[in-house]
Amino acid sequence: MPTPLVINLHEGDLVVASGVGVAVDLWGTDSVETRRAAALTLVVFEATGACSVHVETSRDGTTWQRINTSAAGASGVTELLLGDMQRYARASWTIPALGSVRFALSGKALELWCSLTELATLGSAAAALSALPVATRLRHLLAATTVAAGYIARRHSAPILRVGQDVVQAVAKLASVSLLTDAHGVNPHTEAAALVFEEARGKERWLRDVSNGLAVADVTDSTPTAHEGSGAVAVSGLPRGWGSMSIV
């Protein structure tokens with residue numbers, strides 16, 4: 001099953017000038033390349049001036065991209081769910097003249113087997129889904145990742161280090177159906193939705209075949225030279241009508 005990694009981007013020290021924190025490797029010591037999301041809690045203990053805290057990500061630890069900015073002008077707690085993270089993450093902060101802020105930023109790096117970008121290209125009804133809030137799409141992608149991992153776990157040992165495009169597309173299709181029914185309220189019995197749901201059912205059948213040893217998925221696990229095939233696994237399936245699969 002998905003393996004989260006506890007991360008700490010800032011300890012809670014007082015800062016009085018703009019700066020950056022230490023880079024954190026989201027892949028961790030177990031080299032899980034699929035940790036591409038983060039659930040973080042920003043706690044501002046005290047602040048003076050219009051300060052802001054940012055989360056940045058990097059593929060190589062050298063070139064950084066800002067993916068989130070949170071105002072930190074007053075004390076409080078903010079929950080963040082971020083996606084399309086690259087290998088490294090860090091906090092940065094902007095402090096105005098005579099300003100200061102004391103804050104902590106920590107949480108977990110999460111496995112995400114299909115990114116927001118991949119959902120748009122490999123999922124269904126991209127235009128409709130892209131209008132939904134990022135956090136909503138991420139919650140459904142994370143849940144679809146858990147569903148897919150339930151099937152994959154029967155043949156591969158956790159942690160899963162990487163997955164190929166076949167698994168990525170399966171997660172994209174599962175998440176698309178969940179988002180369309182739960183978030184958009186699409187009736188799966190309409191003709192327009194029939195193809196979308198049939199594609200998702202096809203991907204679920206393929207995942208079931210993988211779990212039963214009848215198909216092979218492009219997966220690298222923690223024992224890449226060993227064959228994994230024993231043990232039982234419990235999975236949650238797709239909706240068979242109006243409703244949702246086991247997705248937030």
# chains A, B, ... in the order shown; residues from 1 in each chain; ligands from 1
>>> select_by_dssp(residues="segment 108-191 of chain A", states="helix (DSSP H, G or I)", output="count of residues only")
51
>>> residues_around(residues="Gln65 of chain A", least_positions_apart="3", cutoff="7 Å", atoms="only C-alpha atoms", output="list in words")
Glu56, Thr57 and Ser58 of chain A
>>> closest_residue(among="A:Ser106, A:Ser130, A:Asn68, A:Thr62", to="Val6 of chain A", atoms="only C-alpha atoms")
A:Ser106
>>> residues_around(residues="Ser75 of chain A", least_positions_apart="5", cutoff="6 Å", atoms="only C-alpha atoms", output="ChimeraX atom specification")
/A:44-46
>>> write_last_selection(atoms="C-alpha atoms", output="PDB file, in the first residue's frame")
ATOM      1  CA  VAL A  44       2.012  30.587  12.249  1.00  0.00           C
ATOM      2  CA  PHE A  45       2.778  31.346  15.892  1.00  0.00           C
ATOM      3  CA  GLU A  46       3.357  35.077  15.551  1.00  0.00           C
TER       4      GLU A  46
END
>>> residues_around(residues="Ala148 of chain A", least_positions_apart="5", cutoff="8 Å", atoms="only C-alpha atoms", output="VMD selection string")
chain A and resid 167 170 to 171 207
>>> write_last_selection(atoms="N, CA and C atoms", output="compact mmCIF listing (two decimals), in the first residue's frame")
# COMPACT_ATOMS: atom_id res chain seq x y z
N VAL A 167 0.00 1.90 -15.46
CA VAL A 167 -0.60 2.10 -14.15
C VAL A 167 -1.08 3.54 -13.99
N ALA A 170 -4.40 3.86 -15.64
CA ALA A 170 -5.46 3.21 -14.87
C ALA A 170 -5.92 4.10 -13.72
N VAL A 171 -4.99 4.69 -13.00
CA VAL A 171 -5.35 5.59 -11.91
C VAL A 171 -6.09 6.81 -12.44
N LEU A 207 -6.40 -4.23 -13.82
CA LEU A 207 -5.76 -4.27 -12.50
C LEU A 207 -6.07 -5.58 -11.79
>>> residues_around(residues="segment 126-129 of chain A", least_positions_apart="2", cutoff="12 Å", atoms="only C-alpha atoms", output="NGL selection string")
:A and (116-124 or 131-138 or 140-141 or 172-173 or 175-186 or 196)
>>> write_last_selection(atoms="N, CA and C atoms", output="CSV table (one decimal), in the first residue's frame")
chain,number,residue,atom,x,y,z
A,116,LEU,N,-1.5,15.6,-11.5
A,116,LEU,CA,-2.5,16.5,-12.1
A,116,LEU,C,-2.4,16.7,-13.6
A,117,THR,N,-1.1,16.8,-14.0
A,117,THR,CA,-0.9,16.9,-15.4
A,117,THR,C,-1.3,15.7,-16.2
A,118,GLU,N,-0.9,14.5,-15.6
A,118,GLU,CA,-1.3,13.2,-16.3
A,118,GLU,C,-2.8,13.0,-16.3
A,119,LEU,N,-3.5,13.5,-15.2
A,119,LEU,CA,-4.9,13.3,-15.2
A,119,LEU,C,-5.5,14.1,-16.4
A,120,ALA,N,-5.0,15.2,-16.7
A,120,ALA,CA,-5.5,16.0,-17.8
A,120,ALA,C,-5.3,15.4,-19.2
A,121,THR,N,-4.2,14.6,-19.3
A,121,THR,CA,-3.8,14.0,-20.6
A,121,THR,C,-4.3,12.6,-20.7
A,122,LEU,N,-4.4,11.8,-19.6
A,122,LEU,CA,-4.7,10.4,-19.7
A,122,LEU,C,-6.0,10.1,-19.1
A,123,GLY,N,-6.7,11.0,-18.4
A,123,GLY,CA,-8.0,10.8,-17.8
A,123,GLY,C,-9.1,11.0,-18.8
A,124,SER,N,-10.3,11.2,-18.3
A,124,SER,CA,-11.5,11.4,-19.1
A,124,SER,C,-12.1,12.8,-18.8
A,131,ALA,N,-11.8,22.2,-14.2
A,131,ALA,CA,-12.4,23.3,-13.6
A,131,ALA,C,-12.6,23.1,-12.1
A,132,LEU,N,-12.4,21.9,-11.6
A,132,LEU,CA,-12.5,21.5,-10.2
A,132,LEU,C,-11.3,22.0,-9.4
A,133,PRO,N,-11.5,22.4,-8.1
A,133,PRO,CA,-10.3,22.8,-7.3
A,133,PRO,C,-9.2,21.8,-7.3
A,134,VAL,N,-8.0,22.3,-7.2
A,134,VAL,CA,-6.8,21.4,-7.2
A,134,VAL,C,-6.9,20.4,-6.1
A,135,ALA,N,-7.3,20.8,-4.9
A,135,ALA,CA,-7.4,19.9,-3.8
A,135,ALA,C,-8.4,18.8,-4.0
A,136,THR,N,-9.5,19.1,-4.6
A,136,THR,CA,-10.5,18.1,-4.9
A,136,THR,C,-9.9,17.0,-5.9
A,137,ARG,N,-9.3,17.5,-6.9
A,137,ARG,CA,-8.7,16.5,-7.9
A,137,ARG,C,-7.6,15.7,-7.2
A,138,LEU,N,-6.8,16.3,-6.3
A,138,LEU,CA,-5.8,15.6,-5.6
A,138,LEU,C,-6.3,14.5,-4.7
A,140,HIS,N,-9.1,12.8,-4.9
A,140,HIS,CA,-9.5,11.7,-5.7
A,140,HIS,C,-8.4,10.9,-6.4
A,141,LEU,N,-7.4,11.6,-6.8
A,141,LEU,CA,-6.2,10.9,-7.3
A,141,LEU,C,-5.5,10.1,-6.3
A,172,ALA,N,-5.7,7.3,-13.6
A,172,ALA,CA,-6.3,8.5,-14.2
A,172,ALA,C,-7.8,8.2,-14.5
A,173,LYS,N,-8.0,7.0,-15.1
A,173,LYS,CA,-9.4,6.6,-15.4
A,173,LYS,C,-10.3,6.4,-14.2
A,175,ALA,N,-9.8,7.8,-11.2
A,175,ALA,CA,-10.1,9.1,-10.6
A,175,ALA,C,-11.1,9.9,-11.4
A,176,SER,N,-11.0,9.8,-12.7
A,176,SER,CA,-12.0,10.5,-13.6
A,176,SER,C,-13.4,10.2,-13.3
A,177,VAL,N,-13.7,8.9,-13.1
A,177,VAL,CA,-15.0,8.4,-12.8
A,177,VAL,C,-15.5,9.0,-11.5
A,178,SER,N,-14.6,8.8,-10.5
A,178,SER,CA,-15.0,9.3,-9.2
A,178,SER,C,-15.2,10.8,-9.1
A,179,LEU,N,-14.4,11.6,-9.8
A,179,LEU,CA,-14.6,13.0,-9.9
A,179,LEU,C,-15.9,13.4,-10.6
A,180,LEU,N,-16.2,12.7,-11.7
A,180,LEU,CA,-17.3,13.0,-12.5
A,180,LEU,C,-18.6,12.7,-11.7
A,181,THR,N,-18.6,11.6,-11.0
A,181,THR,CA,-19.9,11.3,-10.2
A,181,THR,C,-20.0,12.1,-8.9
A,182,ASP,N,-18.9,12.1,-8.2
A,182,ASP,CA,-19.0,12.7,-6.9
A,182,ASP,C,-18.9,14.3,-6.9
A,183,ALA,N,-18.0,14.8,-7.7
A,183,ALA,CA,-17.8,16.2,-7.7
A,183,ALA,C,-18.6,16.9,-8.8
A,184,HIS,N,-18.9,16.3,-9.9
A,184,HIS,CA,-19.6,16.9,-11.0
A,184,HIS,C,-21.1,16.5,-11.0
A,185,GLY,N,-21.4,15.4,-10.3
A,185,GLY,CA,-22.7,14.9,-10.3
A,185,GLY,C,-23.2,14.3,-11.7
A,186,VAL,N,-22.3,13.7,-12.5
A,186,VAL,CA,-22.6,13.2,-13.8
A,186,VAL,C,-23.4,11.9,-13.6
A,196,VAL,N,-16.9,6.8,-20.9
A,196,VAL,CA,-16.0,7.1,-19.8
A,196,VAL,C,-16.0,6.0,-18.7
>>> select_by_dssp(residues="segment 75-238 of chain A", states="strand (DSSP E)", output="PDB file with C-alpha atoms, in the first residue's frame")
ATOM      1  CA  GLY A  76      -3.238  30.569  12.678  1.00  0.00           C
ATOM      2  CA  VAL A  77      -3.197  27.097  11.111  1.00  0.00           C
ATOM      3  CA  THR A  78      -3.495  26.353   7.387  1.00  0.00           C
ATOM      4  CA  GLU A  79      -3.839  22.872   5.885  1.00  0.00           C
ATOM      5  CA  LEU A  80      -2.219  22.435   2.475  1.00  0.00           C
ATOM      6  CA  LEU A  81      -2.635  19.633  -0.073  1.00  0.00           C
ATOM      7  CA  LEU A  82      -0.130  20.020  -2.886  1.00  0.00           C
ATOM      8  CA  TYR A  88      12.894  17.884  -3.526  1.00  0.00           C
ATOM      9  CA  ALA A  89      10.827  20.313  -1.474  1.00  0.00           C
ATOM     10  CA  ARG A  90      11.692  23.277   0.691  1.00  0.00           C
ATOM     11  CA  ALA A  91      10.080  26.227   2.425  1.00  0.00           C
ATOM     12  CA  SER A  92      10.863  29.813   1.551  1.00  0.00           C
ATOM     13  CA  TRP A  93       9.562  33.008   3.093  1.00  0.00           C
ATOM     14  CA  THR A  94       9.185  36.655   2.220  1.00  0.00           C
ATOM     15  CA  SER A 100       9.112  38.911  11.252  1.00  0.00           C
ATOM     16  CA  VAL A 101       7.316  35.577  11.476  1.00  0.00           C
ATOM     17  CA  ARG A 102       7.665  32.427  13.548  1.00  0.00           C
ATOM     18  CA  PHE A 103       6.166  29.416  11.841  1.00  0.00           C
ATOM     19  CA  ALA A 104       6.352  25.646  11.455  1.00  0.00           C
ATOM     20  CA  LEU A 105       5.714  23.762   8.220  1.00  0.00           C
ATOM     21  CA  SER A 106       5.543  19.979   8.298  1.00  0.00           C
ATOM     22  CA  GLY A 107       3.481  17.003   7.175  1.00  0.00           C
ATOM     23  CA  LYS A 108       3.789  13.996   4.881  1.00  0.00           C
ATOM     24  CA  ALA A 109       4.924  13.322   1.324  1.00  0.00           C
ATOM     25  CA  LEU A 110       2.353  11.026  -0.312  1.00  0.00           C
ATOM     26  CA  GLU A 111       2.469   8.567  -3.162  1.00  0.00           C
ATOM     27  CA  ILE A 160       6.532   0.631  -4.919  1.00  0.00           C
ATOM     28  CA  LEU A 161       9.453   2.642  -6.281  1.00  0.00           C
ATOM     29  CA  ARG A 162       7.987   3.624  -9.636  1.00  0.00           C
ATOM     30  CA  VAL A 163       5.048   2.852 -11.927  1.00  0.00           C
ATOM     31  CA  VAL A 219       6.056  -1.626 -11.755  1.00  0.00           C
ATOM     32  CA  THR A 220       9.364  -1.490  -9.923  1.00  0.00           C
ATOM     33  CA  ASP A 221       9.073  -2.529  -6.305  1.00  0.00           C
TER      34      ASP A 221
END
>>> residues_around(residues="Glu204 of chain A", least_positions_apart="4", cutoff="10 Å", atoms="only C-alpha atoms", output="PyMOL selection string")
chain A and resi 147-148+151+170-171+173-174+198-200+208-210+236-238
>>> write_last_selection(atoms="N, CA and C atoms", output="compact mmCIF listing (two decimals), in the first residue's frame")
# COMPACT_ATOMS: atom_id res chain seq x y z
N VAL A 147 -6.59 2.60 -4.34
CA VAL A 147 -7.34 1.50 -4.96
C VAL A 147 -6.42 0.68 -5.86
N ALA A 148 -5.67 1.35 -6.72
CA ALA A 148 -4.77 0.64 -7.63
C ALA A 148 -3.70 -0.12 -6.85
N TYR A 151 -4.63 -3.62 -5.68
CA TYR A 151 -4.45 -4.68 -6.67
C TYR A 151 -2.97 -5.02 -6.85
N ALA A 170 -4.40 3.86 -15.64
CA ALA A 170 -5.46 3.21 -14.87
C ALA A 170 -5.92 4.10 -13.72
N VAL A 171 -4.99 4.69 -13.00
CA VAL A 171 -5.35 5.59 -11.91
C VAL A 171 -6.09 6.81 -12.44
N LYS A 173 -8.04 6.99 -15.06
CA LYS A 173 -9.41 6.61 -15.41
C LYS A 173 -10.27 6.41 -14.17
N LEU A 174 -9.69 5.77 -13.13
CA LEU A 174 -10.44 5.57 -11.89
C LEU A 174 -10.80 6.91 -11.25
N GLU A 198 -17.03 2.85 -19.17
CA GLU A 198 -16.55 1.58 -19.72
C GLU A 198 -15.02 1.56 -19.73
N GLU A 199 -14.39 2.69 -20.05
CA GLU A 199 -12.93 2.76 -20.01
C GLU A 199 -12.41 2.48 -18.60
N ALA A 200 -13.07 3.06 -17.60
CA ALA A 200 -12.65 2.85 -16.22
C ALA A 200 -12.85 1.40 -15.80
N ARG A 208 -7.29 -6.07 -11.93
CA ARG A 208 -7.64 -7.35 -11.32
C ARG A 208 -6.84 -8.47 -11.95
N ASP A 209 -6.67 -8.41 -13.28
CA ASP A 209 -5.85 -9.42 -13.95
C ASP A 209 -4.40 -9.38 -13.46
N VAL A 210 -3.89 -8.17 -13.23
CA VAL A 210 -2.54 -8.04 -12.69
C VAL A 210 -2.46 -8.71 -11.32
N SER A 236 -11.05 -1.94 -3.33
CA SER A 236 -12.34 -1.28 -3.51
C SER A 236 -12.55 -1.07 -5.00
N GLY A 237 -13.72 -1.35 -5.49
CA GLY A 237 -13.95 -1.28 -6.91
C GLY A 237 -14.59 0.00 -7.36
N LEU A 238 -14.88 0.05 -8.65
CA LEU A 238 -15.53 1.20 -9.26
C LEU A 238 -17.02 1.20 -8.97
>>> closest_residue(among="A:Ala194, A:Ala158, A:Ala72, A:Ile152", to="Val216 of chain A", atoms="only C-alpha atoms")
A:Ile152
>>> atom_distance(atom1="atom CA of Leu98 of chain A", atom2="atom CA of Val53 of chain A")
16.4 Å
